[in-house]
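Since the structure comes first, as structure tokens, the remarks are kept for the end.
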Amino acid sequence: MILPAAKPTTDKRELIAALGRFLPDDAILHATEDLRPYECDGLSAFRQTPMVVVLPRTIEQVQKIMRVCHERGAPVVARGAGTGLSGGALPLGDGLLLSLARFMSILDIDPANRTMRVQPGVRNLAISEAAAPFGLYYAPDPSSQIACTIGGNVAENAGGVHCLKYGLTVHNILKLKLVTMDGELLTFGADGLDAPGFDLLALATGSEGMLGVVVEVTVKLVPKPETARVVLAAFDDVEHAGAAVGAIIAAGCVPAGLEMMDNPAIRAAEAFVHSGYPVDAAAILLCELDGTAEAVADDIERVESIMARCGASATRVSRDEAERARFWAGRKMAFPAMGRISPDYYCTDGTIPRKHLPRVLRRIEALGRKYELPVANVFHAGDGNLHPMILYDANRPGELERVEGLGGEILKLCVEVGGTITGEHGVGVEKINQMCDQFSSAELTQFHAIKAAFDPEGLLNPGKAVPLLKRCAEYGGLHVHGGELPFPELERF
Amino acid sequence: MTAPHDANTDIKARVLDAIKRRAPLAIVGGGSKHFLGREAQGEPLILGEHRGVIDYHPEELVLTARAGTLLSELETLLAGHDQMFAFEPPHFGAAATLGGTIAANISGPRRAYAGFARDFVLGTHIVNGRGEILRFGGEVMKNVAGYDLSRLVTGAMGTLGVILDVSLKVLPRPRETITLMQPSSPRAAVEKLCRWAAAPLPISASYIEDEHLYVRLSGTPSALAEARATIGGDVLDDADKFWLEVREQRRPFFGGDAPLWRISLPPAAILDLPGEQVIEWGGALRWLKTDAPATTIRAAAAKHGGHAMLFRSPVRSPEPYHPLPAPLMQLHRRIKAAMDPYGIFNRGRMYAEF
Ligand SMILES: Cc1cc2nc3c(=O)[nH]c(=O)nc-3n(C[C@H](O)[C@H](O)[C@H](O)COP(=O)(O)OP(=O)(O)OC[C@H]3O[C@@H](n4cnc5c(N)ncnc54)[C@H](O)[C@@H]3O)c2cc1C
């Protein structure tokens with residue numbers, strides 16, 4: 001969907017002139033053909049050409065850019081690598097897109113304290129690569145890790161297949177430097193394990209670029225486990241696989257990763273990367289165990305017997321690093337694999353209490369039939385984080401609307417069973433309506449008040465993450481809190 | 001277990017009444033952390049009656065309980081299912097409640113190896129300063145819908161709202177634990193701990209006192225056997241009692257009347273300050289008994305990118321927490337106003353400014 005170009009309220013030429021006073025020419029893009037690469041992020045169904053793109057190199061430049069925009073009332077959207085899947089980095093037609101692509105330096109590696117200080121445009125994987133000579137790595141590993149930036153990871157509180165044991169971005173960072181909309185440079189967190197005052201580090205993490213622009217991140221590094229091995233188990237029944245997930249956790253195991261794929265996902269991935277997945281299985285589980293060689297051997301024995309008890313038709317254990325990498329390759333390439341079998345796909349991101357996995361999977365299948373759209377499931381099963389992928393063809397009239405309908409129903413289902421509409425991809429523009437399902441008007445109002453404490457004029461990434469109450473009334477969100485009517489203070493449409 | 005009781009409606013009514021009268025409230029759980037921070041102004045709002053487990057499914061690794069529930073009761077419940085709060089919260093008294101633990105974000109010996117209280121917070125219900133009951137986060141492991149206000153109220157010492165209940169991630173208890181003790185100078189001990197922390201060893205706590213290093217290992221029997229060979233030292237008998245004394249600050253070091261400073265630093269930092277010290281968290285937490293002036297101590301901590309808090313002192317300090325830079329303090333005040341526009345909750349409990 002191409003959004004209508006907003007009527008510019010900012011004088012574009014005057015803004016460019018003001019920026020040109022401290023930015024070199026190659027750091028300001030404003031010709032239409034130069035702006036095109038920035039018109040969307042990973043949620044390519046939404047597009048908008050920004051008025052101006054800036055590519056600063058220093059914190060001082062970011063501060064000045066923010067002041068220039070603040071003075072003129074021009075909205076700003078920050079952008080890392082643009083791999084976000086919820087439209088968080090979608091530009092505004094009357095605003096400035098602030099790319100952090102040139103903030104690419106690793107500033108300091110401190111092996112004794114196991115930390116690294118990096119600029120926000122450093123890629124997730126580059127951090128682990130730089131830490132490798134010290135036997136350390138950065139734990140959160142989103143599937144997009146070769147491309148996505150640490151700044152974007154902080155903004156989305158990104159997770160990965162190893163978050164079950166090692167935590168999300170919020171658990172793996174110590175300190176942030178952040179520039180607010182008025183150009184102020186603030187530090188959240190500290191070099192030790194905690195900081196005085198409110199936990200603004202946690203507040204900023206996952207705030208989707210709404211509170212400030214992250215200009216520096218200090219991450220924690222962890223030692224590489226001595227050994228890691230993966231159990232690959234096949235199931236004839238998706239519900240049995242779901243039950244095995246619960247049983248493994250209940251047995252007191254904390255796997256490094258516990259992922260699930262259903263048959264359509266298995267087939268697509270196998271055709272693409274040849275991981276050796278059983279293409280006839282209804283579902284597979286990938287369970288990684290790490291630690292010392294002996295501890296891993298103990299755990300593998302336990303996990304294999306649990307899986308067998310839960311009805312696994314076959315299990316295989318990776319014998320070496322190459323095989324472990326191969327087992328994971330199919331999972332990590334699941335998204336591009338979908339791109340090969342379907343012209344378009346749409347990935348949702350709800351999280352549910354694990355115990356509802358079997359039931360929710362059944363419901364998703366039924367919903368897919370209702371909307372006449374195929375759904376492939378790939379997800380972080382150990383965390384209850386679902387990524388149903390709806391396959392469609394955007395060129396077929398009416399199909400995108402059906403996809404949105406189905407996606408919305410899946411998220412509503414997640415909320416109904418006590419879960420959430422987004423586990424790691426963020427709300428962005430994509431799930432803004434579903435926020436009305438999950439939160440009451442008082443809760444949304446509280447979010448807006450927090451936003452205003454950082455950005456009273458609402459110039460930073462406006463229109464994302466938290467819906468206006470008016471929008472919820474239009475959407476007809478049905479979140480009912482203790483019998484109260486939703487949004488009673490608003491007129492009905 | 002004490003009988004559960006839901007006081008949400010009463011608490012909300014008390015807050016609404018306080019707002020109407022613009023009368024500040026001082027929130028009290030069990031009173032066990034009263035010594036921490038500054039004295040709050042206002043009429044007491046006692047939460048001890050608001051107690052009980054709301055939801056606990058061991059296989060989900062999630063426990064939800066009301067703020068006034070005794071920490072000790074929850075720990076007994078978890079132990080019955082071979083689970084635990086991985087942040088090993090200190091109680092500082094039998095009356096310690098879940099709400100107070102979360103409001104103070106207080107964590108014990110395992111913190112450097114497992115995370116602190118806020119890392120385990122999944123969601124909360126709070127009453128904000130408009131007298132509204134709000135829910136943030138939830139009972140699931142991953143949730144990025146909306147700002148993370150449940151982690152924001154964690155550690156805010158009750159200044160942003162009344163925590164009604166909390167959902168926490170819990171973890172299985174390690175299968176086996178041993179503690180090793182060896183003589184070592186504090187500096188050499190910190191160096192060793194930093195070296196070990198960079199290797200995949202199952203360390204779950206460390207403590208340095210009187211030229212001795214204590215290391216606790218937790219995990220599978222085979223992992224412990226291997227790690228023991230690397231770390232060396234003698235096995236400490238009665239280790240559970242020892243770590244309880246560390247956690248509850250009942251070691252002789254913590255006795256006496258001298259001001260006790262809590263200094264948070266990057267673990268490898270070398271801190272040159274006069275006084276007596278014990279060290280936890282692999283070097284990242286230093287407890288210092290000293291009469292040195294606050295400015296000297298804070299400057300030394302800040303030089304390493306850390307901070308210093310006056311944890312206990314014979315006379316309550318007007319400024320126990322490390323002062324914030326002016327722009328950050330302004331932001332704190334704006335956040336306080338966003339959550340509690342009439343300044344009802346725990347006024348002055350953290351900083352005099354709010
Ligand atoms: C194939 C594929 C697989 C993926 N797998 C995962 C996964 O496993 N786990 C997961 O969590 N996500 C995953 N994602 C989503 C995405 O990669 C993450 O959300 C990532 O964190 C985005 O980083 P980015 O640099 O691309 O940010 P962008 O997309 O550029 O921006 C994302 C948001 O962050 C803001 N932002 C970016 N940089 C800054 C900054 N410096 N300061 C303030 N705000 C900023 C933007 O305004 C926007 O709101 C996947 C995406 C793709 C395409």
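Residue numbers start at 1 in each chain; chains themselves are named A, B, ... in the order of the structure tokens; ligands are numbered from 1 in the order shown.
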- Test item: residues at most 8 Å from range 13-29 of chain A, only C-alpha atoms, excluding those fewer than 4 positions along its chain, as a PyMOL selection string: chain A and resi 34-35+52-56+61+65+68-69
Please identify all residues of chain B having at least one atom at most 7 Å from any atom of chain A, considering only C-alpha atoms, and return them as a compact mmCIF listing (two decimals) with N, CA, C and O atoms, in the first residue's frame.
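Output below, filename result.txt:
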```txt
# COMPACT_ATOMS: atom_id res chain seq x y z
N PRO B 58 4.02 -24.51 36.90
CA PRO B 58 5.45 -24.80 36.87
C PRO B 58 5.97 -25.05 35.45
O PRO B 58 7.06 -24.60 35.11
N GLU B 59 5.17 -25.73 34.60
CA GLU B 59 5.69 -26.05 33.26
C GLU B 59 5.76 -24.81 32.37
O GLU B 59 6.42 -24.81 31.35
N GLU B 60 5.11 -23.71 32.77
CA GLU B 60 5.21 -22.47 32.01
C GLU B 60 6.38 -21.62 32.52
O GLU B 60 6.71 -20.60 31.92
N ASP B 119 15.10 -8.43 35.14
CA ASP B 119 15.24 -9.32 34.00
C ASP B 119 14.15 -10.39 33.98
O ASP B 119 13.85 -10.97 32.94
N LEU B 134 -3.88 -0.48 35.71
CA LEU B 134 -3.34 -0.70 34.37
C LEU B 134 -2.53 -1.99 34.35
O LEU B 134 -1.90 -2.35 35.33
N VAL B 140 3.81 -13.89 29.32
CA VAL B 140 4.57 -14.59 28.29
C VAL B 140 6.02 -14.10 28.28
O VAL B 140 6.32 -13.02 28.75
N MET B 141 6.89 -14.94 27.72
CA MET B 141 8.33 -14.69 27.78
C MET B 141 8.78 -13.51 26.93
O MET B 141 9.77 -12.87 27.21
N LYS B 142 8.07 -13.29 25.82
CA LYS B 142 8.48 -12.23 24.91
C LYS B 142 7.29 -11.35 24.62
O LYS B 142 6.23 -11.85 24.25
N ASN B 143 7.48 -10.05 24.75
CA ASN B 143 6.35 -9.15 24.60
C ASN B 143 6.87 -7.76 24.33
O ASN B 143 7.48 -7.15 25.19
N VAL B 144 6.69 -7.25 23.14
CA VAL B 144 7.17 -5.90 22.86
C VAL B 144 6.03 -4.95 22.49
O VAL B 144 6.24 -3.93 21.87
N ALA B 145 4.81 -5.31 22.88
CA ALA B 145 3.67 -4.43 22.61
C ALA B 145 3.63 -3.31 23.64
O ALA B 145 3.48 -3.56 24.82
N GLY B 146 3.80 -2.07 23.20
CA GLY B 146 3.78 -0.93 24.12
C GLY B 146 5.12 -0.78 24.83
O GLY B 146 5.98 -1.65 24.75
N TYR B 147 5.29 0.36 25.48
CA TYR B 147 6.54 0.57 26.23
C TYR B 147 6.61 -0.38 27.41
O TYR B 147 5.59 -0.78 27.97
N ASP B 148 7.84 -0.70 27.80
CA ASP B 148 8.04 -1.70 28.84
C ASP B 148 7.88 -1.07 30.23
O ASP B 148 8.84 -0.91 30.98
N LEU B 149 6.63 -0.74 30.57
CA LEU B 149 6.41 -0.03 31.83
C LEU B 149 6.49 -0.96 33.04
O LEU B 149 6.72 -0.51 34.16
N ARG B 151 8.88 -3.08 33.50
CA ARG B 151 10.28 -3.00 33.93
C ARG B 151 10.62 -1.59 34.42
O ARG B 151 11.52 -1.43 35.24
N LEU B 152 9.90 -0.58 33.93
CA LEU B 152 10.16 0.78 34.42
C LEU B 152 9.78 0.92 35.89
O LEU B 152 10.48 1.57 36.66
N GLY B 155 12.21 -1.30 40.45
CA GLY B 155 13.35 -0.50 40.90
C GLY B 155 13.04 0.97 41.08
O GLY B 155 13.91 1.75 41.46
N ALA B 156 11.80 1.39 40.80
CA ALA B 156 11.44 2.81 40.95
C ALA B 156 11.03 3.14 42.39
O ALA B 156 10.60 4.25 42.68
N PRO B 172 14.17 -23.62 36.79
CA PRO B 172 14.42 -24.86 37.53
C PRO B 172 15.62 -24.69 38.46
O PRO B 172 16.56 -23.96 38.12
N CYS B 194 37.23 -12.72 36.79
CA CYS B 194 37.03 -12.16 35.44
C CYS B 194 37.50 -13.16 34.39
O CYS B 194 36.88 -13.30 33.33
N ALA B 198 34.91 -15.44 31.59
CA ALA B 198 35.03 -15.44 30.13
C ALA B 198 35.08 -16.86 29.57
O ALA B 198 35.25 -17.06 28.38
N ALA B 199 34.97 -17.85 30.45
CA ALA B 199 34.94 -19.24 30.01
C ALA B 199 33.58 -19.82 30.40
O ALA B 199 32.95 -19.33 31.33
N PRO B 200 33.13 -20.85 29.70
CA PRO B 200 31.81 -21.39 30.02
C PRO B 200 31.82 -22.26 31.27
O PRO B 200 31.76 -23.48 31.19
N THR B 220 24.85 -29.60 36.37
CA THR B 220 24.81 -31.06 36.34
C THR B 220 26.08 -31.60 37.01
O THR B 220 27.11 -30.93 37.01
N SER B 222 28.27 -33.72 36.15
CA SER B 222 29.47 -33.80 35.32
C SER B 222 30.08 -32.41 35.09
O SER B 222 31.30 -32.24 35.11
N ALA B 223 29.23 -31.41 34.90
CA ALA B 223 29.73 -30.06 34.69
C ALA B 223 30.46 -29.56 35.93
O ALA B 223 31.51 -28.90 35.84
N SER B 264 28.66 -0.14 42.57
CA SER B 264 28.44 -0.97 41.38
C SER B 264 29.45 -0.54 40.31
O SER B 264 29.51 0.63 39.94
N LEU B 265 30.23 -1.50 39.81
CA LEU B 265 31.35 -1.19 38.92
C LEU B 265 31.47 -2.25 37.83
O LEU B 265 30.99 -3.37 37.98
N PRO B 266 32.20 -1.91 36.74
CA PRO B 266 32.59 -3.00 35.84
C PRO B 266 33.46 -3.96 36.66
O PRO B 266 34.29 -3.50 37.46
N PRO B 267 33.29 -5.27 36.51
CA PRO B 267 33.90 -6.21 37.45
C PRO B 267 35.42 -6.08 37.62
O PRO B 267 35.94 -6.23 38.72
N ALA B 268 36.13 -5.78 36.52
CA ALA B 268 37.59 -5.77 36.61
C ALA B 268 38.15 -4.48 37.19
O ALA B 268 39.36 -4.36 37.40
N ALA B 284 31.67 -7.09 40.33
CA ALA B 284 30.80 -5.99 39.91
C ALA B 284 30.09 -5.30 41.08
O ALA B 284 29.47 -4.26 40.89
N GLY B 305 32.76 4.41 35.45
CA GLY B 305 31.46 4.21 34.80
C GLY B 305 30.45 3.52 35.69
O GLY B 305 29.47 2.97 35.22
N GLY B 306 30.69 3.54 37.01
CA GLY B 306 29.76 2.91 37.94
C GLY B 306 29.06 3.95 38.80
O GLY B 306 29.04 5.13 38.47
N HIS B 307 28.50 3.51 39.92
CA HIS B 307 27.81 4.43 40.81
C HIS B 307 27.87 3.91 42.24
O HIS B 307 28.14 2.72 42.47
N TYR B 321 21.18 7.84 47.11
CA TYR B 321 21.43 7.36 45.74
C TYR B 321 22.40 8.30 45.02
O TYR B 321 22.41 9.50 45.27
N HIS B 322 23.13 7.71 44.11
CA HIS B 322 24.08 8.48 43.32
C HIS B 322 23.34 9.60 42.58
O HIS B 322 22.35 9.35 41.90
N LEU B 328 19.19 14.34 32.99
CA LEU B 328 18.58 13.06 33.32
C LEU B 328 17.59 13.23 34.47
O LEU B 328 16.52 12.62 34.48
N LEU B 331 14.44 14.57 33.09
CA LEU B 331 13.66 13.50 32.44
C LEU B 331 12.95 12.64 33.50
O LEU B 331 11.79 12.27 33.33
N ARG B 334 9.89 14.42 34.55
CA ARG B 334 8.82 14.36 33.54
C ARG B 334 8.17 12.98 33.53
O ARG B 334 6.96 12.85 33.37
N ILE B 335 8.98 11.93 33.70
CA ILE B 335 8.42 10.57 33.74
C ILE B 335 7.55 10.40 34.99
O ILE B 335 6.45 9.84 34.94
N ALA B 338 4.37 11.97 34.32
CA ALA B 338 3.55 11.21 33.38
C ALA B 338 2.82 10.06 34.07
O ALA B 338 1.71 9.70 33.70
```
- Where in range 36-145 of chain B does DSSP assign helix (DSSP H, G or I), given as an NGL selection string? :B and (58-60 or 71-79 or 98-104 or 111-114 or 117-120)
- For ligand 1, the nearest of the candidates A:Arg369, A:Arg316, A:Arg102, A:His70, counting only C-alpha atoms and all ligand atoms: A:Arg102
- Please identify which residues in range 135-305 of chain A DSSP calls strand (DSSP E or B) from the backbone, and express them as a PyMOL selection string. chain A and resi 136-137+149+173-179+185-189+213-220+222-223+227-235+257-262+283-291
- Give the answer as one residue: which of A:Glu129, A:Asp182, A:Glu430, A:Glu457 has the shortest atom-to-atom distance to ligand 1, using only C-alpha atoms and all ligand atoms? A:Glu430
- Using only C-alpha atoms and all ligand atoms, find the one residue out of A:Val317, A:Leu92, A:Leu258, A:Met333 that sits nearest to ligand 1.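 When distances to ligand 1 are compared using only C-alpha atoms and all ligand atoms, the smallest one comes from A:Met333.
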- Item | Who sits within 7 Å of Phe103 in chain A, only C-alpha atoms, same chain under 5 positions skipped, as a PyMOL selection string | chain A and resi 57+119-122
Residues just named, written with all heavy atoms as a tab-separated table (two decimals), in the first residue's frame:
```
chain	number	residue	atom	x	y	z
A	57	ARG	N	27.52	11.17	10.49
A	57	ARG	CA	28.61	10.30	10.95
A	57	ARG	C	28.92	10.48	12.43
A	57	ARG	O	29.59	9.66	13.02
A	57	ARG	CB	29.90	10.63	10.19
A	57	ARG	CG	29.99	10.02	8.84
A	57	ARG	CD	31.33	10.36	8.19
A	57	ARG	NE	31.25	10.11	6.76
A	57	ARG	CZ	31.34	8.89	6.22
A	57	ARG	NH1	31.59	7.85	6.97
A	57	ARG	NH2	31.21	8.74	4.92
A	119	GLN	N	28.90	1.56	17.75
A	119	GLN	CA	27.97	2.54	17.18
A	119	GLN	C	26.70	1.81	16.74
A	119	GLN	O	26.72	0.60	16.50
A	119	GLN	CB	28.66	3.25	16.03
A	119	GLN	CG	29.79	4.15	16.51
A	119	GLN	CD	30.31	5.05	15.40
A	119	GLN	OE1	30.39	4.64	14.24
A	119	GLN	NE2	30.66	6.27	15.75
A	120	PRO	N	25.59	2.53	16.61
A	120	PRO	CA	24.30	1.87	16.40
A	120	PRO	C	24.17	1.17	15.05
A	120	PRO	O	23.36	0.25	14.91
A	120	PRO	CB	23.29	3.01	16.51
A	120	PRO	CG	24.07	4.25	16.21
A	120	PRO	CD	25.45	3.99	16.74
A	121	GLY	N	24.99	1.60	14.05
A	121	GLY	CA	24.84	0.99	12.73
A	121	GLY	C	25.64	-0.29	12.55
A	121	GLY	O	25.62	-0.90	11.48
A	122	VAL	N	26.33	-0.73	13.62
A	122	VAL	CA	27.09	-1.98	13.53
A	122	VAL	C	26.10	-3.14	13.42
A	122	VAL	O	25.10	-3.18	14.12
A	122	VAL	CB	28.00	-2.15	14.78
A	122	VAL	CG1	28.64	-3.53	14.82
A	122	VAL	CG2	29.06	-1.05	14.79
```
